[in-house]
$ cat final.pdb   # PDB, C-alpha atoms
MODEL        1
ATOM      1  CA  MET O   1     351.911 168.667 201.654
ATOM      2  CA  GLN O   2     351.690 172.013 199.924
ATOM      3  CA  ARG O   3     348.897 170.694 197.722
ATOM      4  CA  ALA O   4     346.984 169.573 200.833
ATOM      5  CA  LEU O   5     347.349 172.995 202.502
ATOM      6  CA  SER O   6     346.288 174.761 199.317
ATOM      7  CA  LEU O   7     343.169 172.585 199.103
ATOM      8  CA  LEU O   8     342.298 173.353 202.746
ATOM      9  CA  PHE O   9     342.612 177.116 202.133
ATOM     10  CA  ILE O  10     340.391 176.886 199.049
ATOM     11  CA  LEU O  11     337.690 174.936 200.952
ATOM     12  CA  PHE O  12     337.849 177.375 203.904
ATOM     13  CA  PHE O  13     337.300 180.486 201.733
ATOM     14  CA  ALA O  14     334.551 178.770 199.713
ATOM     15  CA  PHE O  15     332.677 177.834 202.897
ATOM     16  CA  SER O  16     333.044 181.357 204.315
ATOM     17  CA  GLY O  17     331.618 182.865 201.103
ATOM     18  CA  LEU O  18     328.595 180.574 201.156
ATOM     19  CA  ASN O  19     327.910 181.401 204.796
ATOM     20  CA  LEU O  20     328.001 185.184 204.159
ATOM     21  CA  ALA O  21     325.665 184.832 201.184
ATOM     22  CA  ALA O  22     323.203 182.840 203.261
ATOM     23  CA  GLN O  23     323.177 185.514 205.987
ATOM     24  CA  GLU O  24     322.484 188.263 203.438
ATOM     25  CA  ASP O  25     319.487 186.320 202.088
ATOM     26  CA  ILE O  26     317.782 186.225 205.509
ATOM     27  CA  GLY O  27     315.281 189.105 205.563
ATOM     28  CA  PRO O  28     313.932 190.922 208.630
ATOM     29  CA  GLU O  29     310.868 188.652 208.740
ATOM     30  CA  GLU O  30     313.017 185.471 208.733
ATOM     31  CA  ASN O  31     315.433 186.568 211.441
ATOM     32  CA  PRO O  32     313.928 185.643 214.807
ATOM     33  CA  ASP O  33     316.396 187.794 216.727
ATOM     34  CA  GLU O  34     315.414 191.014 214.971
ATOM     35  CA  ALA O  35     312.442 192.902 216.458
ATOM     36  CA  PRO O  36     309.844 194.138 213.931
ATOM     37  CA  PRO O  37     309.775 197.877 213.373
ATOM     38  CA  ASP O  38     307.057 199.962 215.040
ATOM     39  CA  SER O  39     303.997 200.442 212.851
ATOM     40  CA  GLU O  40     301.943 203.610 212.565
ATOM     41  CA  TRP O  41     298.853 201.474 211.816
ATOM     42  CA  GLU O  42     298.535 200.791 215.550
ATOM     43  CA  GLU O  43     297.539 204.427 216.052
ATOM     44  CA  ILE O  44     294.518 204.199 213.758
ATOM     45  CA  VAL O  45     291.118 203.619 215.438
ATOM     46  CA  THR O  46     288.333 202.375 213.178
ATOM     47  CA  ALA O  47     284.671 203.366 213.494
ATOM     48  CA  PRO O  48     282.354 200.828 215.154
ATOM     49  CA  PHE O  49     279.974 200.878 212.167
ATOM     50  CA  SER O  50     280.128 201.109 208.406
ATOM     51  CA  ALA O  51     277.526 201.186 205.639
ATOM     52  CA  GLY O  52     275.600 197.930 205.518
ATOM     53  CA  ASP O  53     275.997 197.042 209.200
ATOM     54  CA  ARG O  54     272.880 196.026 211.135
ATOM     55  CA  ASN O  55     271.820 195.526 214.719
ATOM     56  CA  PHE O  56     268.853 194.125 216.612
ATOM     57  CA  THR O  57     267.854 195.766 219.909
ATOM     58  CA  ILE O  58     265.861 194.439 222.868
ATOM     59  CA  THR O  59     264.670 197.090 225.341
ATOM     60  CA  LEU O  60     262.917 197.012 228.748
ATOM     61  CA  GLY O  61     262.154 199.708 231.292
ATOM     62  CA  VAL O  62     259.587 202.144 232.591
ATOM     63  CA  VAL O  63     257.415 204.855 231.058
ATOM     64  CA  ILE O  64     256.388 207.894 233.115
ATOM     65  CA  PRO O  65     253.294 210.022 232.309
ATOM     66  CA  VAL O  66     254.359 213.679 232.609
ATOM     67  CA  LEU O  67     252.083 216.064 230.712
ATOM     68  CA  PHE O  68     248.646 215.962 229.094
ATOM     69  CA  SER O  69     247.283 218.947 227.210
ATOM     70  CA  GLY O  70     243.520 219.403 227.005
ATOM     71  CA  ILE O  71     242.830 217.697 230.358
ATOM     72  CA  ASP O  72     243.579 218.337 234.021
ATOM     73  CA  ASN O  73     247.010 216.820 234.633
ATOM     74  CA  ASN O  74     245.999 216.014 238.209
ATOM     75  CA  GLN O  75     243.083 213.941 236.987
ATOM     76  CA  HIS O  76     244.589 211.662 234.326
ATOM     77  CA  GLY O  77     245.108 208.994 236.984
ATOM     78  CA  LEU O  78     247.941 207.114 235.267
ATOM     79  CA  SER O  79     250.763 205.594 237.269
ATOM     80  CA  ILE O  80     254.295 204.781 236.159
ATOM     81  CA  GLY O  81     254.052 201.892 233.724
ATOM     82  CA  GLY O  82     256.233 199.340 232.018
ATOM     83  CA  THR O  83     257.470 199.301 228.448
ATOM     84  CA  GLY O  84     259.492 197.166 226.082
ATOM     85  CA  SER O  85     260.428 197.136 222.417
ATOM     86  CA  LEU O  86     262.126 195.270 219.600
ATOM     87  CA  ALA O  87     263.982 197.300 216.981
ATOM     88  CA  PHE O  88     266.039 196.701 213.855
ATOM     89  CA  ASN O  89     268.561 199.229 212.521
ATOM     90  CA  TYR O  90     270.410 199.369 209.199
ATOM     91  CA  PHE O  91     273.353 201.735 208.716
ATOM     92  CA  VAL O  92     273.146 203.647 205.443
ATOM     93  CA  THR O  93     276.480 205.342 206.180
ATOM     94  CA  GLN O  94     279.002 205.146 208.992
ATOM     95  CA  ASN O  95     276.743 207.355 211.157
ATOM     96  CA  ILE O  96     273.215 207.426 209.670
ATOM     97  CA  PHE O  97     270.826 204.528 210.261
ATOM     98  CA  VAL O  98     267.207 203.663 209.452
ATOM     99  CA  GLY O  99     265.049 200.936 210.890
ATOM    100  CA  ALA O 100     261.760 199.759 212.335
ATOM    101  CA  GLU O 101     260.398 199.358 215.854
ATOM    102  CA  LEU O 102     257.594 197.495 217.607
ATOM    103  CA  SER O 103     257.005 198.525 221.205
ATOM    104  CA  GLY O 104     254.353 198.405 223.883
ATOM    105  CA  MET O 105     253.478 199.945 227.215
ATOM    106  CA  PHE O 106     250.966 199.502 230.018
ATOM    107  CA  ALA O 107     250.002 201.715 232.939
ATOM    108  CA  SER O 108     247.323 201.392 235.568
ATOM    109  CA  THR O 109     244.816 204.022 236.680
ATOM    110  CA  ARG O 110     243.671 204.917 240.184
ATOM    111  CA  GLY O 111     240.700 202.638 239.667
ATOM    112  CA  GLY O 112     242.947 199.672 238.937
ATOM    113  CA  ASN O 113     242.191 199.568 235.204
ATOM    114  CA  MET O 114     244.896 199.298 232.551
ATOM    115  CA  LEU O 115     245.813 201.470 229.588
ATOM    116  CA  TYR O 116     247.653 199.672 226.775
ATOM    117  CA  ILE O 117     249.499 201.381 223.903
ATOM    118  CA  ILE O 118     251.248 199.408 221.115
ATOM    119  CA  PRO O 119     253.408 201.809 219.032
ATOM    120  CA  ILE O 120     254.829 200.624 215.727
ATOM    121  CA  GLY O 121     256.779 202.691 213.229
ATOM    122  CA  VAL O 122     259.966 203.536 211.352
ATOM    123  CA  ARG O 123     263.162 204.942 212.851
ATOM    124  CA  LEU O 124     265.761 207.424 211.613
ATOM    125  CA  GLY O 125     268.900 208.230 213.555
ATOM    126  CA  TYR O 126     272.450 209.465 213.703
ATOM    127  CA  GLN O 127     275.175 207.890 215.856
ATOM    128  CA  PHE O 128     278.246 209.494 217.376
ATOM    129  CA  TRP O 129     281.003 207.408 218.927
ATOM    130  CA  TYR O 130     284.038 207.752 221.138
ATOM    131  CA  GLY O 131     286.223 204.762 221.850
ATOM    132  CA  ARG O 132     283.952 201.922 222.950
ATOM    133  CA  PHE O 133     281.044 204.286 223.703
ATOM    134  CA  GLU O 134     278.315 204.950 221.132
ATOM    135  CA  PHE O 135     275.746 207.778 221.279
ATOM    136  CA  PRO O 136     272.768 207.295 218.934
ATOM    137  CA  VAL O 137     270.034 209.926 218.647
ATOM    138  CA  SER O 138     266.850 208.829 216.905
ATOM    139  CA  LEU O 139     263.284 209.675 215.948
ATOM    140  CA  MET O 140     260.547 207.077 215.654
ATOM    141  CA  ILE O 141     257.445 208.014 213.611
ATOM    142  CA  GLY O 142     254.471 205.690 213.547
ATOM    143  CA  ALA O 143     251.061 204.712 214.840
ATOM    144  CA  ALA O 144     249.995 203.986 218.419
ATOM    145  CA  PRO O 145     246.866 201.825 218.821
ATOM    146  CA  GLN O 146     245.443 202.308 222.323
ATOM    147  CA  ARG O 147     243.091 200.285 224.488
ATOM    148  CA  TYR O 148     241.360 201.235 227.741
ATOM    149  CA  LEU O 149     238.497 199.063 229.018
ATOM    150  CA  GLU O 150     236.179 198.725 226.012
ATOM    151  CA  LYS O 151     237.449 201.877 224.320
ATOM    152  CA  GLY O 152     240.015 201.933 221.553
ATOM    153  CA  TYR O 153     241.820 204.640 219.638
ATOM    154  CA  PHE O 154     244.212 204.619 216.692
ATOM    155  CA  GLY O 155     246.482 207.638 216.326
ATOM    156  CA  PRO O 156     250.030 208.800 215.527
ATOM    157  CA  ILE O 157     253.104 208.842 217.744
ATOM    158  CA  LEU O 158     256.495 210.571 217.734
ATOM    159  CA  LYS O 159     259.381 209.230 219.829
ATOM    160  CA  PRO O 160     262.543 211.375 219.795
ATOM    161  CA  GLY O 161     265.330 210.235 222.066
ATOM    162  CA  ALA O 162     268.987 209.701 222.825
ATOM    163  CA  SER O 163     270.994 206.747 224.120
ATOM    164  CA  VAL O 164     274.452 205.774 225.290
ATOM    165  CA  PHE O 165     275.863 202.305 224.595
ATOM    166  CA  TRP O 166     279.042 200.544 225.634
ATOM    167  CA  ARG O 167     280.476 198.022 223.161
ATOM    168  CA  PHE O 168     281.137 194.867 225.190
ATOM    169  CA  ASN O 169     282.530 192.899 222.209
ATOM    170  CA  PRO O 170     282.070 192.918 218.400
ATOM    171  CA  GLU O 171     278.668 191.202 218.712
ATOM    172  CA  TRP O 172     277.056 192.862 221.763
ATOM    173  CA  SER O 173     276.621 196.311 223.258
ATOM    174  CA  PHE O 174     274.574 197.461 226.248
ATOM    175  CA  GLY O 175     273.071 200.841 226.921
ATOM    176  CA  PHE O 176     270.618 203.276 228.500
ATOM    177  CA  ASN O 177     267.853 205.152 226.655
ATOM    178  CA  SER O 178     265.884 208.308 227.377
ATOM    179  CA  LEU O 179     262.973 208.975 224.990
ATOM    180  CA  TRP O 180     259.941 211.254 224.832
ATOM    181  CA  TRP O 181     256.577 209.845 223.733
ATOM    182  CA  LEU O 182     254.268 212.408 222.102
ATOM    183  CA  ILE O 183     250.820 210.906 221.407
ATOM    184  CA  PRO O 184     248.112 213.257 220.096
ATOM    185  CA  GLU O 185     244.430 212.272 220.191
ATOM    186  CA  TRP O 186     241.736 213.824 218.007
ATOM    187  CA  PRO O 187     238.564 211.947 218.987
ATOM    188  CA  LYS O 188     235.220 212.466 217.290
ATOM    189  CA  ASN O 189     233.759 214.232 220.322
ATOM    190  CA  GLY O 190     236.234 217.062 219.789
ATOM    191  CA  ASN O 191     238.078 216.741 223.114
ATOM    192  CA  ASP O 192     241.540 216.891 221.534
ATOM    193  CA  SER O 193     244.519 216.190 223.768
ATOM    194  CA  ILE O 194     248.199 215.317 223.615
ATOM    195  CA  GLY O 195     249.774 212.781 225.935
ATOM    196  CA  ASN O 196     253.445 213.078 226.846
ATOM    197  CA  PHE O 197     255.452 210.277 228.444
ATOM    198  CA  VAL O 198     259.109 209.825 229.331
ATOM    199  CA  GLU O 199     260.716 206.442 228.637
ATOM    200  CA  LEU O 200     263.722 205.313 230.684
ATOM    201  CA  THR O 201     264.977 201.938 229.536
ATOM    202  CA  LEU O 202     267.925 199.564 229.274
ATOM    203  CA  SER O 203     268.874 197.858 226.009
ATOM    204  CA  ALA O 204     270.949 195.015 224.655
ATOM    205  CA  ARG O 205     272.030 195.223 220.998
ATOM    206  CA  TYR O 206     273.224 192.373 218.833
ATOM    207  CA  HIS O 207     275.428 193.460 215.898
ATOM    208  CA  PHE O 208     275.637 191.514 212.661
TER
ENDMDL
END

$ encode --input "final.pdb" --output "C-alpha cells"
Amino acid sequence: MQRALSLLFILFFAFSGLNLAAQEDIGPEENPDEAPPDSEWEEIVTAPFSAGDRNFTITLGVVIPVLFSGIDNNQHGLSIGGTGSLAFNYFVTQNIFVGAELSGMFASTRGGNMLYIIPIGVRLGYQFWYGRFEFPVSLMIGAAPQRYLEKGYFGPILKPGASVFWRFNPEWSFGFNSLWWLIPEWPKNGNDSIGNFVELTLSARYHF
C-alpha cells in the first residue's frame, strides 16, 4: 500500500512539472487569450507615391478664351470650347514627376467656324499630399499646331496649372484641374499676338 501511494505521488508531481513547462513554452503569439501589444507602426502614414511610380491620366472639360494681346479682345469671336487630354507621369522622387501630354481643344466663332488646337509636349511637376488628397502643380511645355478654315499655324505653348485629386483606392484617383494656356503667335505678316485660355477640367488617374 505504501509503495502504491508513493508511486501515485511521484506520478502526480511529474505530471505537474510537465504541465508548467508546457505553459512556459507558449509565447504571446501562441496564446489566443492574450491580446497583442499596441504597435507604434499604426501611427505612421506613408506617402502616396515613391520614386518609380507612374500614372496615366484622362481629362475632359472646357476651355475659356480670356485674353488676347495684339488684337481687340471684343473681336476675337471665340466661344467657350471643349478640351481633353491624355497624359503620362513618372515620379523621379516622392514628389517630383516628369511626363508627356497630348491634348486638344475646339472652339467656335461667331460665324460658326471652328478653331482647332492640338498641343503636345513634356510635363514637369511637383506634388503635395495630405491624407487621401493630392495637390500636383505642373508646367507643360510644347508645340500647339492650330487650324482655322484653310489656315494653319505651328507655334509654342505653355500650360502652367494646379490640381486637386482624391485617392479613391490604390489604383484610381479623381480630381479637378485649373490650367492657363499661353499660346504666342508670330506670323509672317508681323501681326504678333498671344492667346490666353483658362482650362477647367475633370480627370481620372490610373496608378501603376

$ atom_distance --input "final.pdb" --atom1 "CA of Pro170 in chain O" --atom2 "CA of Tyr90 in chain O"
16.2 Å

$ atom_distance --input "final.pdb" --atom1 "CA of Leu202 in chain O" --atom2 "CA of Ile141 in chain O"
20.7 Å

$ residues_around --input "final.pdb" --residues "Thr109 in chain O" --least-positions-apart "3" --cutoff "12 Å" --atoms "all atoms listed in the file" --output "compact mmCIF listing (two decimals) with C-alpha atoms, in the frame of the given file"
# COMPACT_ATOMS: atom_id res chain seq x y z
CA PRO O 65 253.29 210.02 232.31
CA GLN O 75 243.08 213.94 236.99
CA HIS O 76 244.59 211.66 234.33
CA GLY O 77 245.11 208.99 236.98
CA LEU O 78 247.94 207.11 235.27
CA SER O 79 250.76 205.59 237.27
CA ILE O 80 254.30 204.78 236.16
CA GLY O 81 254.05 201.89 233.72
CA PHE O 106 250.97 199.50 230.02
CA GLY O 112 242.95 199.67 238.94
CA ASN O 113 242.19 199.57 235.20
CA MET O 114 244.90 199.30 232.55
CA LEU O 115 245.81 201.47 229.59
CA TYR O 116 247.65 199.67 226.78
CA TYR O 148 241.36 201.24 227.74
CA LEU O 149 238.50 199.06 229.02

$ atom_distance --input "final.pdb" --atom1 "CA of Ser173 in chain O" --atom2 "CA of Gly131 in chain O"
12.9 Å

$ closest_residue --input "final.pdb" --among "O:Gly99, O:Gly155, O:Gly111, O:Gly61" --to "Ser138 in chain O" --atoms "all atoms listed in the file"
O:Gly99

$ resolve_selection --input "final.pdb" --expression "the PyMOL selection byres ((chain O and resi 119) around 9)" --output "number ranges by chain"
O: 101-105, 117-118, 120-121, 142-146, 156-157

$ resolve_selection --input "final.pdb" --expression "the PyMOL selection byres ((chain O and resi 59) around 10)" --output "PyMOL selection string"
chain O and resi 57-58+60-61+83-87+103+174-177+200-205

$ write_last_selection --input "final.pdb" --atoms "C-alpha atoms" --output "compact mmCIF listing (two decimals), in the frame of the given file"
# COMPACT_ATOMS: atom_id res chain seq x y z
CA THR O 57 267.85 195.77 219.91
CA ILE O 58 265.86 194.44 222.87
CA LEU O 60 262.92 197.01 228.75
CA GLY O 61 262.15 199.71 231.29
CA THR O 83 257.47 199.30 228.45
CA GLY O 84 259.49 197.17 226.08
CA SER O 85 260.43 197.14 222.42
CA LEU O 86 262.13 195.27 219.60
CA ALA O 87 263.98 197.30 216.98
CA SER O 103 257.00 198.52 221.20
CA PHE O 174 274.57 197.46 226.25
CA GLY O 175 273.07 200.84 226.92
CA PHE O 176 270.62 203.28 228.50
CA ASN O 177 267.85 205.15 226.66
CA LEU O 200 263.72 205.31 230.68
CA THR O 201 264.98 201.94 229.54
CA LEU O 202 267.92 199.56 229.27
CA SER O 203 268.87 197.86 226.01
CA ALA O 204 270.95 195.02 224.66
CA ARG O 205 272.03 195.22 221.00

$ residues_near_point --input "final.pdb" --point "(274.6, 209.2, 213.1)" --cutoff "10 Å" --atoms "all atoms listed in the file" --output "ChimeraX atom specification"
/O:49,91-98,124-129,134-138

$ closest_residue --input "final.pdb" --among "O:Gly190, O:Pro184, O:Gly152, O:Pro48" --to "Tyr130 in chain O" --atoms "only C-alpha atoms"
O:Pro48

$ closest_residue --input "final.pdb" --among "O:Phe56, O:Phe88, O:Phe68, O:Tyr153" --to "Gly195 in chain O" --atoms "only C-alpha atoms"
O:Phe68

$ resolve_selection --input "final.pdb" --expression "the PyMOL selection byres ((chain O and resi 53) around 8)" --output "ChimeraX atom specification"
/O:49-52,54-55,90-91,207-208

$ decode --input "final.pdb" --residues "range 51-96 of chain O" --atoms "N, CA and C atoms" --output "CSV table (one decimal), in the first residue's frame"
chain,number,residue,atom,x,y,z
O,51,ALA,N,9.6,57.0,-55.7
O,51,ALA,CA,10.3,57.0,-57.0
O,51,ALA,C,10.1,55.8,-57.8
O,52,GLY,N,9.8,56.0,-59.1
O,52,GLY,CA,9.5,54.9,-60.0
O,52,GLY,C,8.0,54.7,-60.2
O,53,ASP,N,7.1,55.3,-59.4
O,53,ASP,CA,5.7,55.1,-59.6
O,53,ASP,C,5.3,55.9,-60.9
O,54,ARG,N,4.2,55.4,-61.5
O,54,ARG,CA,3.7,56.0,-62.7
O,54,ARG,C,2.1,56.2,-62.6
O,55,ASN,N,1.6,57.1,-63.4
O,55,ASN,CA,0.2,57.1,-63.6
O,55,ASN,C,-0.2,57.6,-65.0
O,56,PHE,N,-1.4,57.3,-65.4
O,56,PHE,CA,-1.9,57.6,-66.7
O,56,PHE,C,-3.2,58.4,-66.4
O,57,THR,N,-3.4,59.6,-67.0
O,57,THR,CA,-4.5,60.5,-66.7
O,57,THR,C,-5.3,60.8,-68.0
O,58,ILE,N,-6.6,60.7,-67.8
O,58,ILE,CA,-7.6,61.0,-68.8
O,58,ILE,C,-8.4,62.3,-68.3
O,59,THR,N,-8.5,63.3,-69.2
O,59,THR,CA,-9.0,64.6,-68.8
O,59,THR,C,-10.0,65.1,-69.8
O,60,LEU,N,-11.1,65.6,-69.3
O,60,LEU,CA,-12.2,66.3,-70.1
O,60,LEU,C,-12.7,67.5,-69.4
O,61,GLY,N,-13.1,68.5,-70.2
O,61,GLY,CA,-13.6,69.7,-69.7
O,61,GLY,C,-13.8,70.8,-70.7
O,62,VAL,N,-13.7,72.0,-70.2
O,62,VAL,CA,-13.9,73.2,-71.0
O,62,VAL,C,-12.7,74.1,-71.0
O,63,VAL,N,-12.6,74.9,-72.1
O,63,VAL,CA,-11.5,75.9,-72.2
O,63,VAL,C,-12.1,77.2,-72.5
O,64,ILE,N,-11.7,78.3,-71.8
O,64,ILE,CA,-12.4,79.6,-71.9
O,64,ILE,C,-11.4,80.6,-72.4
O,65,PRO,N,-11.7,81.2,-73.6
O,65,PRO,CA,-10.8,82.3,-74.1
O,65,PRO,C,-10.9,83.5,-73.2
O,66,VAL,N,-9.8,84.1,-72.7
O,66,VAL,CA,-9.9,85.2,-71.7
O,66,VAL,C,-9.2,86.4,-72.2
O,67,LEU,N,-8.0,86.3,-72.8
O,67,LEU,CA,-7.2,87.5,-73.1
O,67,LEU,C,-6.4,87.3,-74.4
O,68,PHE,N,-6.4,88.2,-75.3
O,68,PHE,CA,-5.6,88.2,-76.5
O,68,PHE,C,-4.8,89.5,-76.7
O,69,SER,N,-3.5,89.4,-76.6
O,69,SER,CA,-2.8,90.6,-76.8
O,69,SER,C,-2.5,90.8,-78.3
O,70,GLY,N,-2.5,92.1,-78.8
O,70,GLY,CA,-2.2,92.4,-80.2
O,70,GLY,C,-3.5,92.5,-81.0
O,71,ILE,N,-4.7,92.1,-80.4
O,71,ILE,CA,-5.9,92.2,-81.2
O,71,ILE,C,-7.0,92.8,-80.2
O,72,ASP,N,-8.1,93.2,-80.7
O,72,ASP,CA,-9.2,93.7,-79.9
O,72,ASP,C,-9.9,92.5,-79.3
O,73,ASN,N,-9.9,92.4,-77.9
O,73,ASN,CA,-10.4,91.3,-77.2
O,73,ASN,C,-11.9,91.1,-77.4
O,74,ASN,N,-12.6,92.2,-77.9
O,74,ASN,CA,-14.0,92.1,-78.2
O,74,ASN,C,-14.3,91.6,-79.6
O,75,GLN,N,-13.3,91.4,-80.4
O,75,GLN,CA,-13.4,91.0,-81.7
O,75,GLN,C,-12.9,89.6,-82.1
O,76,HIS,N,-12.3,88.9,-81.1
O,76,HIS,CA,-11.8,87.6,-81.4
O,76,HIS,C,-12.8,86.6,-81.7
O,77,GLY,N,-14.0,86.7,-81.2
O,77,GLY,CA,-15.2,85.9,-81.6
O,77,GLY,C,-15.2,84.5,-81.2
O,78,LEU,N,-14.3,84.1,-80.3
O,78,LEU,CA,-14.3,82.7,-79.8
O,78,LEU,C,-15.3,82.5,-78.7
O,79,SER,N,-15.9,81.4,-78.7
O,79,SER,CA,-16.8,81.0,-77.6
O,79,SER,C,-16.1,80.0,-76.7
O,80,ILE,N,-16.7,79.7,-75.6
O,80,ILE,CA,-16.2,78.6,-74.7
O,80,ILE,C,-16.1,77.3,-75.5
O,81,GLY,N,-15.0,76.6,-75.4
O,81,GLY,CA,-14.8,75.4,-76.2
O,81,GLY,C,-14.6,74.2,-75.3
O,82,GLY,N,-14.4,73.1,-75.9
O,82,GLY,CA,-14.2,71.8,-75.2
O,82,GLY,C,-12.7,71.4,-75.3
O,83,THR,N,-12.3,70.6,-74.4
O,83,THR,CA,-10.9,70.2,-74.4
O,83,THR,C,-10.8,68.8,-73.7
O,84,GLY,N,-9.7,68.1,-74.1
O,84,GLY,CA,-9.4,66.8,-73.5
O,84,GLY,C,-8.0,66.5,-73.6
O,85,SER,N,-7.5,65.6,-72.8
O,85,SER,CA,-6.0,65.2,-72.9
O,85,SER,C,-5.8,63.8,-72.4
O,86,LEU,N,-4.7,63.3,-72.8
O,86,LEU,CA,-4.1,62.1,-72.3
O,86,LEU,C,-2.7,62.4,-71.8
O,87,ALA,N,-2.3,62.0,-70.6
O,87,ALA,CA,-1.0,62.3,-70.0
O,87,ALA,C,-0.4,61.1,-69.3
O,88,PHE,N,0.9,61.1,-69.3
O,88,PHE,CA,1.6,60.0,-68.6
O,88,PHE,C,2.6,60.7,-67.7
O,89,ASN,N,2.7,60.3,-66.4
O,89,ASN,CA,3.6,60.9,-65.4
O,89,ASN,C,4.5,59.8,-64.8
O,90,TYR,N,5.7,60.1,-64.6
O,90,TYR,CA,6.7,59.2,-63.9
O,90,TYR,C,7.3,60.0,-62.8
O,91,PHE,N,7.3,59.4,-61.6
O,91,PHE,CA,7.8,60.1,-60.4
O,91,PHE,C,9.3,59.8,-60.2
O,92,VAL,N,10.1,60.8,-60.3
O,92,VAL,CA,11.5,60.7,-60.2
O,92,VAL,C,11.9,60.6,-58.7
O,93,THR,N,11.1,61.3,-57.9
O,93,THR,CA,11.3,61.2,-56.4
O,93,THR,C,9.8,61.1,-55.8
O,94,GLN,N,9.7,61.1,-54.5
O,94,GLN,CA,8.4,61.0,-53.9
O,94,GLN,C,7.5,62.1,-54.3
O,95,ASN,N,8.0,63.3,-54.7
O,95,ASN,CA,7.2,64.5,-55.0
O,95,ASN,C,7.4,65.0,-56.4
O,96,ILE,N,8.5,64.8,-57.1
O,96,ILE,CA,8.8,65.4,-58.4
O,96,ILE,C,8.5,64.4,-59.5
